[in-house]
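Enquirer: If you scroll down you'll find the structure; I have some questions about it.
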Amino acid sequence: MSNPVLILVAQRVALGLLLLLAVSVLIFTGTQLLPGDVAQAILGQSATPQALANIRESLGLNDPAHVRYFRWLSGILQGDLGTALTNGQDIATALSQRLRNTLFLAFWAAAISVPSAILLGLIAARYEGRWPDKLISGATLATISLPEFVVGYIVMFLLAVKFRWFASVSIIHPGMDFLERLNAIILPVIVLVLVVLAHMMRMTRATILNVMQSAYIETAEMKGLRPFTIVLLHAFPNAIAPVVNVVMLNLAYLVVGVVVVEVVFVYPGMGQYLVDHVAKRDLPVVQISGLIFASVYIGLNILADVISIMANPRLRHPK
Amino acid sequence: MTRIPISALVGLVLTGVFFVVAVFGDFFAPYGMAEIVGDVWEPSSSEHWLGTDAIGRDLLSRVIFGGRLTILIATAATILSFTTGSILGFTAATIGGWIDQALSRFVDLIMAIPPLILALVVLSVMPVTPVVLIVVMGLLDSTRVYRLSRAVAVDITVMDYVEVARLRGEGRPWVIFREILPNALSPLVAELGLRFIFAILFISTLSFLGLGVQPPLADWGGIVKENKEGLVYGVAAALVPAIAIAVLAISVNLVADWVLNRTSSLKGSRGA
């Protein structure tokens, strides 16, 4: 284990797992210890004391909190996510299809937004201070000021209602083939891309411009290379680590965007599932979904760190 | 008096208009918040400038009262997050040691979860009332203020004048409020606008998801939710509060940008 990259990566992953464990404690205690009674929440205000006692017994709510936490955690680790309070359904079954739908949506949003953001960021860096650059600054200001659902409805109103190019809701079911599915998610994908694109572009631009200050860029300029060649072949490779970081942070941001966008387009994914069950106060579902969203978020952050460690040539070639 | 750039001036004026309309809403609103005065989704007319909503209430009045609620909740949440975050941040920076460690690691933990997800988890067990919303949003957001104010205060606590105050025998509250706070104010003020926008977007999103302000009251996000079905039929009622959110957020952003530039150039000139 003399390779510093491996040690750093292992440290980062271990730290991430520790964080994940702490998050699971937080989510569990947050829903258990806050004022508000689960049994009361299920049965409503008019429940008789006997009914409350019964439901507490059947849910195991009388055990001490740490016993319930470890029972919950070991269940999750064995793939048993418990059952939903509202309809008694097995959560794992209900989740797997929805998780797949959400990942399908997020994958396409990422697949489109990441390359275009990097390309546009390179263009903005190349034309620093000129109109393509200013356009990007303006667009960034607009998108960070708009909540996702506003972008969603504006896009829906224009593309689905005014021009009638796409369907206004994204209905998806198991019988659909790949192209039909893709067609169904066009609008939500457009919205998610708009939500993350500007920020990613701007950060890419900033990191490239930072690298452009270096002496070797000046050398390249004096060699008479074309400006875009300099940006692409000399500046970009050295900006990969920060750019990857930016990309990952924005993908993590997609996790939140997806919740809202799914509700806007009535898309049967994890986000909609979470929001529905928060309203119904279905704790087991909320805990699991919250934990899944948090793990994806933390996972992407770990991945960002790992990639930037690996992209650092000083660590890759130890002396 | 330095010249205010046009963009900041526009932002300042628009933000002011929003606040005035929010405070004196009764004066501006032609009808009551819950008054049913017409048909469903009437187009705009001289009686109803913006038309009517999904059950025939005057949309303009509703957006005005909704704006009041949105701005009220967001302002209260921002004040809460700033007082909690900065006091804890300054305290952690002045005391240091295990208190600082414990607070900072706890904040790291909270910030490892997207705020919307954590808010949803918390709201699944809490009753959804405006006060609970303010407290949840304010405390979640105070983590960011904590980080900023701790970072700023750590730099200030090593200054000679803080040392002098300590040697003079001043207590911790004096050090925090008389020595650190005045010197940490400009980065905090610059952050204030950004946190306020975040609060506006956050409460709107929660209400849009049906987990914020509950009917018959409605904030802007709630009004979007109430009228969203109309969009499919080409009724743009839901876009009115949506645009209001956007305009307010952009205006505050323009002001915050300017404040941020001023304070950071101040710092730059001192360092250079």
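Residues are referred to by chain and number: the chain letter is A, B, ... according to the order shown in the structure tokens, the number counts from 1 in that chain, and ligands are numbered separately from 1 in the order shown.
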I need the chain A residues near chain B as a PyMOL selection string; criterion: at most 6 Å, counting only C-alpha atoms.
Expert: chain A and resi 36+145-147+150+161+278+281+294
Enquirer: Give the alpha helix (DSSP H) residues of region 88-310 of chain A, as DSSP finds them on the backbone, and put them as a VMD selection string.
Expert: chain A and resid 91 to 126 131 to 145 148 to 155 178 to 184 186 to 211 215 to 222 227 to 229 236 to 264 270 to 279 283 to 310
Enquirer: Rank nothing, just name the residue among A:Leu19, A:Ile185, A:Val211, A:Val246 nearest to Ile298 (chain A), using only C-alpha atoms.
Expert: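 Distance minimum relative to Ile298 (chain A) lands on A:Leu19.
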Enquirer: Excluding region 78-91 of chain A and residues on its chain fewer than 4 positions from it, collect all residues at most 10 Å away from it, counting only C-alpha atoms, and give them as a VMD selection string.
Expert: chain A and resid 42 59 72 to 74 95 to 96 277 280 to 289
Enquirer: CA of Val155 (chain A) and CA of Leu249 (chain A) are how many Å apart?
Expert: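 Atom-to-atom, CA of Val155 (chain A) to CA of Leu249 (chain A), that is 24.2 Å.
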Enquirer: Given the choices B:Met33, B:Ile55, B:Ala256, B:Val152, which gets closest to Gly11 (chain B) if the distance is worked out from only C-alpha atoms?
Expert: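 Among the listed residues, the smallest separation from Gly11 (chain B) belongs to B:Ala256.
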Enquirer: Which residues come within 7 Å of region 70-74 of chain B, counting only C-alpha atoms, excluding same-chain residues fewer than 3 positions away, as a PyMOL selection string?
Expert: chain B and resi 66-67+77-78+134+196+199-200+219-220
Enquirer: Selected residues, C-alpha atoms, written as a short mmCIF file (atom, residue, chain, number, x, y, z; two decimals), in the first residue's frame, please.
Expert:
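again_9.cif, freshly written:
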data_model
loop_
_atom_site.label_atom_id
_atom_site.label_comp_id
_atom_site.auth_asym_id
_atom_site.auth_seq_id
_atom_site.Cartn_x
_atom_site.Cartn_y
_atom_site.Cartn_z
CA GLY B 66 -49.64 35.33 -1.81
CA GLY B 67 -46.64 37.60 -2.25
CA ALA B 77 -36.64 32.33 7.84
CA THR B 78 -33.72 34.47 6.68
CA ILE B 134 -40.08 29.15 9.04
CA PHE B 196 -33.22 35.46 1.06
CA ALA B 199 -35.67 31.09 1.16
CA ILE B 200 -38.07 32.43 -1.49
CA ASP B 219 -48.20 31.70 -1.26
CA TRP B 220 -46.86 32.00 -4.80
#
Enquirer: Can you pull out every residue within 9 Å of Val135 (chain B), counting only C-alpha atoms, but drop anything in the same chain fewer than 3 positions away, and send it as a PyMOL selection string?
Expert: chain B and resi 76-77+80-81+130-132+138-140
Enquirer: May I ask for the distance between CA of Met270 (chain A) and CA of Leu99 (chain A), given in Å to one decimal place?
Expert: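 These atoms are spaced 5.5 Å apart.
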Enquirer: As a compact mmCIF listing (two decimals) with N, CA and C atoms, in the first residue's frame, please: the residues near Lys134 (chain A) (cut-off 12 Å, only C-alpha atoms, same-chain neighbours under 5 positions excluded).
Expert:
# COMPACT_ATOMS: atom_id res chain seq x y z
N GLY A 121 -18.87 26.05 -22.16
CA GLY A 121 -17.92 26.68 -21.24
C GLY A 121 -16.61 27.00 -21.94
N ILE A 123 -16.28 27.52 -25.16
CA ILE A 123 -16.55 28.63 -26.08
C ILE A 123 -16.53 29.96 -25.33
N ALA A 124 -17.19 29.96 -24.16
CA ALA A 124 -17.25 31.20 -23.38
C ALA A 124 -15.85 31.64 -22.96
N ALA A 125 -15.00 30.67 -22.61
CA ALA A 125 -13.64 31.01 -22.20
C ALA A 125 -12.86 31.56 -23.38
N TYR A 127 -14.08 33.20 -25.93
CA TYR A 127 -14.53 34.56 -26.26
C TYR A 127 -14.76 35.38 -25.01
N GLU A 128 -13.86 35.31 -24.07
CA GLU A 128 -14.04 35.98 -22.79
C GLU A 128 -14.35 37.47 -22.96
N GLY A 129 -15.41 37.92 -22.28
CA GLY A 129 -15.78 39.33 -22.30
C GLY A 129 -16.54 39.76 -23.54
N ALA A 139 -27.74 34.19 -18.82
CA ALA A 139 -28.53 32.97 -18.70
C ALA A 139 -28.35 32.35 -17.32
N THR A 140 -27.12 32.44 -16.80
CA THR A 140 -26.87 31.88 -15.47
C THR A 140 -27.69 32.59 -14.43
N LEU A 141 -27.69 33.91 -14.49
CA LEU A 141 -28.45 34.70 -13.52
C LEU A 141 -29.92 34.31 -13.56
N ALA A 198 -26.50 26.14 -17.13
CA ALA A 198 -25.85 27.45 -17.03
C ALA A 198 -24.76 27.44 -15.96
N ARG A 202 -20.74 28.04 -16.53
CA ARG A 202 -20.05 29.17 -15.91
C ARG A 202 -18.84 28.70 -15.11
N ARG A 205 -16.11 27.61 -17.45
CA ARG A 205 -15.46 28.82 -17.96
C ARG A 205 -14.46 29.36 -16.95
Enquirer: Hey, can you check how far CA of Phe70 (chain A) sits from CA of Leu18 (chain A)?
Expert: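 Going from CA of Phe70 (chain A) over to CA of Leu18 (chain A) covers 15.6 Å.
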Enquirer: Please provide the set of residues having any atom within 10 Å of Phe265 (chain A), restricted to only C-alpha atoms, with same-chain residues fewer than 3 positions apart removed, written as a list of chain:residue names.
Expert: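 The filter keeps A:Phe149, A:Gly152, A:Tyr153, A:Met156, A:Ala167, A:Ser168, A:Val169, A:Ser170, A:Ile171, A:Ala184, A:Ile185, A:Leu187, A:Pro188, A:Val260, A:Val261, A:Glu262, A:Pro268, A:Gln272.
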